[in-house]
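Peer 1: Handing over upload05.tsv, TSV, C-alpha atoms.
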```tsv
chain	number	residue	atom	x	y	z
K	281	MET	CA	91.35	102.17	150.59
K	282	THR	CA	93.88	100.82	148.14
K	283	TYR	CA	95.60	97.47	148.50
K	284	THR	CA	98.85	99.37	149.10
K	285	GLN	CA	97.38	101.33	152.02
K	286	LEU	CA	95.67	98.27	153.52
K	287	ALA	CA	98.83	96.18	153.26
K	288	VAL	CA	100.90	98.80	155.12
K	289	LEU	CA	98.18	99.14	157.76
K	290	GLY	CA	97.97	95.37	158.05
K	291	VAL	CA	101.69	95.05	158.73
K	292	LEU	CA	101.59	97.85	161.32
K	293	ALA	CA	98.59	96.27	163.05
K	294	VAL	CA	100.20	92.84	163.23
K	295	VAL	CA	103.50	94.31	164.44
K	296	ALA	CA	101.48	95.91	167.26
K	297	VAL	CA	99.87	92.55	168.01
K	298	ASP	CA	103.26	90.86	168.28
K	299	LEU	CA	104.97	93.58	170.32
K	300	VAL	CA	102.19	95.10	172.40
K	301	VAL	CA	98.95	93.10	172.38
K	302	LEU	CA	100.12	89.50	172.72
K	303	ARG	CA	103.68	90.52	173.67
K	304	THR	CA	105.13	87.52	171.89
K	305	ARG	CA	108.00	89.69	170.57
K	306	LEU	CA	108.76	87.38	167.70
K	307	LEU	CA	110.16	90.37	165.81
K	308	THR	CA	113.03	90.41	168.30
K	309	ARG	CA	113.85	86.72	167.88
K	310	ARG	CA	116.37	85.10	165.60
K	311	VAL	CA	114.14	82.04	165.18
K	312	PHE	CA	111.46	84.21	163.59
K	313	TRP	CA	113.69	85.94	161.06
K	314	VAL	CA	115.40	82.72	159.98
K	315	SER	CA	111.99	81.07	159.57
K	316	TYR	CA	110.63	84.06	157.70
K	317	ALA	CA	113.59	84.04	155.32
K	318	ILE	CA	112.71	80.46	154.38
K	319	ILE	CA	109.00	81.21	154.16
K	320	VAL	CA	109.37	84.30	151.99
K	321	PHE	CA	111.42	82.40	149.42
K	322	PHE	CA	108.68	79.82	149.01
K	323	GLN	CA	106.05	82.55	149.09
K	324	LEU	CA	107.72	84.14	146.09
K	325	VAL	CA	107.70	80.79	144.28
K	326	SER	CA	104.09	79.85	144.93
K	327	ASN	CA	102.81	83.39	144.51
K	328	ALA	CA	104.66	83.63	141.22
K	329	ILE	CA	102.56	80.71	139.99
K	330	LEU	CA	99.31	82.25	141.24
K	331	THR	CA	100.04	85.63	139.68
K	332	GLY	CA	102.16	84.61	136.68
K	333	LEU	CA	99.44	82.24	135.45
K	334	ARG	CA	96.96	85.03	136.23
K	335	ILE	CA	94.94	82.81	138.55
K	336	VAL	CA	94.71	85.96	140.68
K	337	ARG	CA	94.55	89.26	138.80
K	338	TYR	CA	95.11	92.71	140.23
K	339	ASN	CA	93.45	96.02	139.46
K	340	GLY	CA	95.97	98.78	138.79
K	341	ASP	CA	93.71	101.32	140.48
K	342	PHE	CA	94.60	99.84	143.87
K	343	ILE	CA	98.28	98.85	143.61
K	344	VAL	CA	101.47	100.78	142.84
K	345	GLY	CA	101.89	98.94	139.54
K	346	THR	CA	99.46	98.55	136.67
K	347	SER	CA	96.73	95.99	136.20
K	348	THR	CA	97.41	92.36	135.37
K	349	PRO	CA	97.28	92.29	131.55
K	350	ASP	CA	94.39	90.56	129.77
K	351	VAL	CA	96.82	88.39	127.83
K	352	GLY	CA	100.12	86.97	129.04
K	353	PRO	CA	101.85	87.27	132.39
K	354	PRO	CA	102.54	90.58	134.14
K	355	PRO	CA	106.16	91.75	134.37
K	356	PHE	CA	108.39	89.40	136.35
K	357	LEU	CA	110.17	92.36	137.95
K	358	GLY	CA	109.33	96.04	137.85
K	359	ASP	CA	106.06	97.95	137.54
K	360	GLY	CA	105.64	97.45	141.27
K	361	ARG	CA	105.98	93.70	140.94
K	362	ILE	CA	108.37	91.10	142.34
K	363	ALA	CA	108.24	87.63	140.79
K	364	PHE	CA	105.01	88.51	138.92
K	365	ALA	CA	103.21	89.50	142.13
K	366	PRO	CA	102.48	93.03	143.33
K	367	PHE	CA	105.05	93.94	145.98
K	368	GLU	CA	102.06	94.57	148.23
K	369	ASP	CA	101.69	90.78	148.44
K	370	LEU	CA	104.96	90.67	150.40
K	371	LEU	CA	103.41	92.95	153.03
K	372	PHE	CA	100.20	90.89	153.00
K	373	GLY	CA	102.20	87.70	153.42
K	374	PHE	CA	104.34	89.15	156.18
K	375	ALA	CA	101.21	90.14	158.11
K	376	LEU	CA	99.71	86.69	157.57
K	377	VAL	CA	102.83	84.88	158.74
K	378	LEU	CA	103.57	87.11	161.72
K	379	LEU	CA	99.98	87.02	163.00
K	380	THR	CA	99.93	83.24	162.65
K	381	LEU	CA	103.21	82.68	164.45
K	382	SER	CA	102.41	85.24	167.14
K	383	LEU	CA	99.14	83.44	167.93
K	384	TRP	CA	100.87	80.05	167.86
K	385	VAL	CA	103.46	81.22	170.37
K	386	PHE	CA	100.82	82.99	172.46
K	387	TRP	CA	98.73	79.83	172.88
K	388	GLY	CA	101.83	77.95	173.91
K	389	ARG	CA	102.70	80.61	176.44
K	390	VAL	CA	99.29	80.39	178.09
K	391	GLY	CA	99.88	76.67	178.43
K	392	ILE	CA	97.96	75.12	175.56
K	393	GLN	CA	99.74	72.12	174.07
K	394	ARG	CA	103.33	73.10	174.62
K	395	LEU	CA	103.95	69.37	174.21
K	396	PRO	CA	104.85	67.38	172.28
K	397	ALA	CA	107.62	69.88	171.63
K	398	ALA	CA	109.41	70.03	168.30
K	399	GLY	CA	112.45	67.91	167.61
K	400	PRO	CA	114.91	66.48	167.71
K	401	PRO	CA	115.06	65.91	163.94
K	402	ARG	CA	115.55	62.34	162.80
K	403	PHE	CA	118.99	63.15	161.42
K	404	LEU	CA	120.34	64.56	164.70
K	405	PRO	CA	121.12	62.61	167.88
K	406	PRO	CA	118.74	63.13	170.82
K	407	ARG	CA	119.53	66.08	173.02
K	408	ASN	CA	120.65	65.71	176.64
K	409	GLY	CA	117.81	64.39	178.74
K	410	ASP	CA	115.52	64.54	175.78
K	411	GLY	CA	113.13	61.74	176.45
K	412	GLU	CA	110.08	61.84	174.23
K	413	PRO	CA	107.83	63.88	176.52
K	414	SER	CA	104.68	61.98	177.35
K	415	ALA	CA	102.12	64.75	176.99
B	224	MET	CA	93.35	75.86	132.10
B	225	SER	CA	92.21	73.59	134.89
B	226	ASN	CA	89.78	74.44	137.63
B	227	PHE	CA	92.30	72.88	139.96
B	228	ALA	CA	95.22	75.22	139.24
B	229	TYR	CA	94.83	77.17	142.48
B	230	LEU	CA	94.27	73.97	144.47
B	231	ALA	CA	97.39	72.47	142.92
B	232	VAL	CA	99.46	75.37	144.23
B	233	LEU	CA	98.01	74.79	147.69
B	234	ALA	CA	98.71	71.06	147.46
B	235	PHE	CA	102.30	71.92	146.51
B	236	CYS	CA	102.59	74.07	149.65
B	237	PHE	CA	100.90	71.51	151.92
B	238	ILE	CA	102.87	68.51	150.73
B	239	GLY	CA	106.03	70.57	150.43
B	240	THR	CA	105.95	71.19	154.19
B	241	LEU	CA	104.23	68.02	155.46
B	242	TRP	CA	107.50	66.07	155.51
B	243	LEU	CA	108.85	68.48	158.15
B	244	GLU	CA	106.35	66.98	160.56
B	245	PHE	CA	108.01	63.57	160.28
B	246	VAL	CA	111.65	64.32	159.52
B	247	PHE	CA	112.07	67.29	161.86
B	248	ARG	CA	109.44	65.95	164.27
B	249	THR	CA	107.77	69.37	164.40
B	250	HIS	CA	104.69	67.84	166.08
B	251	VAL	CA	102.47	70.63	164.80
B	252	TYR	CA	99.64	68.42	163.56
B	253	ARG	CA	99.78	66.52	166.84
B	254	ARG	CA	98.90	69.77	168.63
B	255	MET	CA	95.57	70.20	166.89
B	256	LEU	CA	93.84	72.31	169.55
B	257	ARG	CA	96.66	74.86	169.57
B	258	LEU	CA	96.70	74.81	165.79
B	259	LEU	CA	92.95	75.38	165.54
B	260	LEU	CA	93.03	78.20	168.08
B	261	THR	CA	95.71	79.82	165.93
B	262	LEU	CA	93.97	79.25	162.62
B	263	VAL	CA	90.48	80.45	163.55
B	264	PRO	CA	91.34	84.13	164.16
B	265	VAL	CA	93.73	84.17	161.20
B	266	VAL	CA	91.14	82.71	158.83
B	267	ILE	CA	88.44	85.11	160.03
B	268	ILE	CA	90.60	88.23	159.81
B	269	PHE	CA	92.09	87.46	156.41
B	270	CYS	CA	88.79	86.31	154.93
B	271	LEU	CA	87.30	89.66	155.98
B	272	TRP	CA	90.23	91.44	154.33
B	273	ASP	CA	89.75	89.29	151.23
B	274	LEU	CA	86.01	89.98	151.10
B	275	TYR	CA	86.65	93.71	151.33
B	276	ALA	CA	89.34	93.56	148.64
B	277	ILE	CA	87.11	91.53	146.32
B	278	GLY	CA	84.21	93.88	146.91
B	279	ALA	CA	86.35	96.94	146.29
B	280	GLY	CA	87.82	95.36	143.17
B	281	HIS	CA	91.43	95.05	144.33
B	282	TRP	CA	91.73	91.62	142.76
B	283	THR	CA	89.73	89.05	140.82
B	284	PHE	CA	90.08	85.34	140.15
B	285	ASP	CA	90.25	83.49	136.86
B	286	LEU	CA	87.10	81.38	137.18
B	287	SER	CA	88.59	78.81	134.82
B	288	GLN	CA	91.44	78.20	137.28
B	289	VAL	CA	89.61	78.04	140.60
B	290	THR	CA	87.11	75.48	141.86
B	291	GLY	CA	84.14	77.77	141.31
B	292	LEU	CA	82.94	77.05	144.83
B	293	PHE	CA	82.31	80.07	147.04
B	294	VAL	CA	82.22	80.10	150.82
B	295	VAL	CA	80.55	83.41	151.52
B	296	GLY	CA	79.68	86.05	148.95
B	297	ASN	CA	82.37	86.20	146.30
B	298	LEU	CA	85.02	84.50	148.42
B	299	PRO	CA	86.33	81.43	146.59
B	300	LEU	CA	86.85	78.22	148.55
B	301	ASP	CA	90.41	78.27	147.18
B	302	GLU	CA	91.15	81.48	149.09
B	303	VAL	CA	89.82	80.14	152.40
B	304	LEU	CA	92.00	77.06	151.99
B	305	PHE	CA	94.94	79.38	151.31
B	306	PHE	CA	94.44	80.97	154.74
B	307	ILE	CA	94.54	77.51	156.31
B	308	VAL	CA	97.40	75.95	154.35
B	309	ILE	CA	99.86	78.85	154.40
B	310	PRO	CA	99.67	79.38	158.19
B	311	CYS	CA	100.31	75.64	158.64
B	312	CYS	CA	103.37	75.95	156.40
B	313	ALA	CA	104.60	78.90	158.46
B	314	ILE	CA	104.19	77.11	161.79
B	315	LEU	CA	105.88	73.97	160.46
B	316	THR	CA	108.80	76.09	159.27
B	317	LEU	CA	109.15	77.82	162.64
B	318	GLU	CA	109.05	74.54	164.52
B	319	ALA	CA	111.49	72.90	162.11
B	320	VAL	CA	113.96	75.74	162.62
B	321	ARG	CA	113.52	75.42	166.37
B	322	ALA	CA	113.94	71.65	166.19
B	323	VAL	CA	117.32	72.06	164.52
B	324	ARG	CA	118.72	75.14	166.21
B	325	GLY	CA	117.02	75.10	169.60
B	326	TRP	CA	116.55	78.88	169.55
B	327	PRO	CA	114.05	80.25	172.07
B	328	VAL	CA	110.60	81.00	170.73
B	329	GLY	CA	109.00	82.44	173.86
B	330	ASP	CA	106.13	80.00	174.19
B	331	GLY	CA	106.91	78.89	177.70
B	332	LEU	CA	108.96	75.81	176.89
B	333	PRO	CA	112.34	75.72	178.57
B	334	ASP	CA	114.91	76.48	175.91
B	335	PRO	CA	116.42	73.13	174.99
B	336	PRO	CA	120.16	72.77	174.67
B	337	ALA	CA	120.70	73.58	171.04
B	338	GLY	CA	121.04	70.49	168.92
B	339	GLY	CA	123.97	71.17	166.63
B	340	SER	CA	123.85	74.90	167.30
B	341	SER	CA	127.12	76.73	167.26
```
For the file at hand, write its structure as structure tokens.
Peer 2:
Amino acid sequence: MTYTQLAVLGVLAVVAVDLVVLRTRLLTRRVFWVSYAIIVFFQLVSNAILTGLRIVRYNGDFIVGTSTPDVGPPPFLGDGRIAFAPFEDLLFGFALVLLTLSLWVFWGRVGIQRLPAAGPPRFLPPRNGDGEPSA
Amino acid sequence: MSNFAYLAVLAFCFIGTLWLEFVFRTHVYRRMLRLLLTLVPVVIIFCLWDLYAIGAGHWTFDLSQVTGLFVVGNLPLDEVLFFIVIPCCAILTLEAVRAVRGWPVGDGLPDPPAGGSS
């Protein structure tokens, strides 16, 4: 299978995990999409370093674009690439992030280490009745 | 090029999110069992994907920019660390967003009154 095919399959599989298998339904939650928006920005930055410096090199036989050149960085945009990286990496990253967060939420739901809960941030006042929970 | 180029990117990601633990009080690294239970399946699944992709020739690594240490087969240590560091970054981000906005996540905690949420 090509990277393109595997990446699409990977996203579909992890979507099924979130919606059907673990039923965490993060895809329906605002907190997930806001978090993902932040994550994907930094993914593009760090992945641009990995691919732009050709630390990781891709074979054009298995992606929509062409191979990472032998000399110099691949195109920043175009030829199937976004910020030097094959667009397939966005699918790969989405699957990685969604599977991770789905499992994290799942373990909380079954009662494993819900506490200490997150927050409040140092720069915000404590919430109502928000004593530091003594796990 | 340095053998630590890939590791430097990972260090950038790790340190770039570590402060969330203290400033947003995300408490992710204080929930180590839950974190490990999350990481183990993720690391296994994505290492298998990586091994397949490396074997099939989807991608290669510049051996002058990775540690040169391999975990199993042709799987660089750098890649395994990637599948540990990036999930940690993702969880820290989720918990930081929750810490600020108080939006429900669905993990069984009562939804807190939103701190500063409109």
Peer 1: Based on all atoms listed in the file, which of the residues in chain K come within 7 Å of chain B? I want them as a PyMOL selection string.
Peer 2: chain K and resi 283+304+311-312+315+319+326+330+334-339+342+377+380-381+383-389+392-394+396-402+407
Peer 1: Go ahead and compute the interatomic distance for CA of Ala317 (chain K) and CA of Leu370 (chain K), in Å to one decimal.
Peer 2: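 One can read the CA of Ala317 (chain K) to CA of Leu370 (chain K) distance as 11.9 Å.
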Peer 1: So that I can see what lies close to Asp359 (chain K), please list as an mmCIF file with C-alpha atoms, keeping the file's coordinate frame the residues with an atom at most 10 Å from it, counting only C-alpha atoms and leaving out residues fewer than 3 positions away in the same chain.
Peer 2:
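Below is the file that was written, selection07.cif:
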```cif
data_model
loop_
_atom_site.group_PDB
_atom_site.id
_atom_site.type_symbol
_atom_site.label_atom_id
_atom_site.label_comp_id
_atom_site.auth_asym_id
_atom_site.auth_seq_id
_atom_site.Cartn_x
_atom_site.Cartn_y
_atom_site.Cartn_z
ATOM 1 C CA ILE K 343 98.280 98.850 143.610
ATOM 2 C CA VAL K 344 101.470 100.780 142.840
ATOM 3 C CA GLY K 345 101.890 98.940 139.540
ATOM 4 C CA THR K 346 99.460 98.550 136.670
ATOM 5 C CA SER K 347 96.730 95.990 136.200
ATOM 6 C CA PRO K 354 102.540 90.580 134.140
ATOM 7 C CA PRO K 355 106.160 91.750 134.370
ATOM 8 C CA PHE K 356 108.390 89.400 136.350
ATOM 9 C CA ILE K 362 108.370 91.100 142.340
ATOM 10 C CA PHE K 364 105.010 88.510 138.920
ATOM 11 C CA PRO K 366 102.480 93.030 143.330
ATOM 12 C CA PHE K 367 105.050 93.940 145.980
#
```
Peer 1: Quick one: pull the distance between CA of Trp313 (chain K) and CA of Leu378 (chain K), Å, one decimal.
Peer 2: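 Between CA of Trp313 (chain K) and CA of Leu378 (chain K) the gap works out to 10.2 Å.
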Peer 1: Between CA of Ala375 (chain K) and CA of Thr284 (chain K), what distance in Å does the model show, to one decimal?
Peer 2: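 A separation of 13.1 Å between them.
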Peer 1: Pick the closest to Asp369 (chain K) from K:Ala293, K:Leu324, K:Leu395, K:Met281: which is it, counting only C-alpha atoms?
Peer 2: K:Leu324
Peer 1: Compare K:Val314, K:Leu371, K:Val300, K:Leu376 by their minimum atom-to-atom distance to Val308 (chain B), counting only C-alpha atoms, and give me the closest one.
Peer 2: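 Looking at the shortest contact to Val308 (chain B), the residue is K:Leu376.
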Peer 1: Hey, which of K:Ala296, K:Val320, K:Val390, K:Thr282 ends up closest to Gly278 (chain B)? Count all atoms listed in the file.
Peer 2: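 Checking each of K:Ala296, K:Val320, K:Val390, K:Thr282 against Gly278 (chain B), counting all atoms listed in the file, the winner is K:Thr282.
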Peer 1: Return the single residue from B:Leu230, B:Leu298, B:Leu241, B:Leu292 that is closest to Leu271 (chain B), with distances computed using only C-alpha atoms.
Peer 2: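 Of B:Leu230, B:Leu298, B:Leu241, B:Leu292, the one nearest Leu271 (chain B), counting only C-alpha atoms, is B:Leu298.
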Peer 1: Looking at B:Thr240, B:Cys270, B:Ile277, B:Tyr252, which one is nearest to Phe305 (chain B), with distances taken over only C-alpha atoms?
Peer 2: B:Cys270
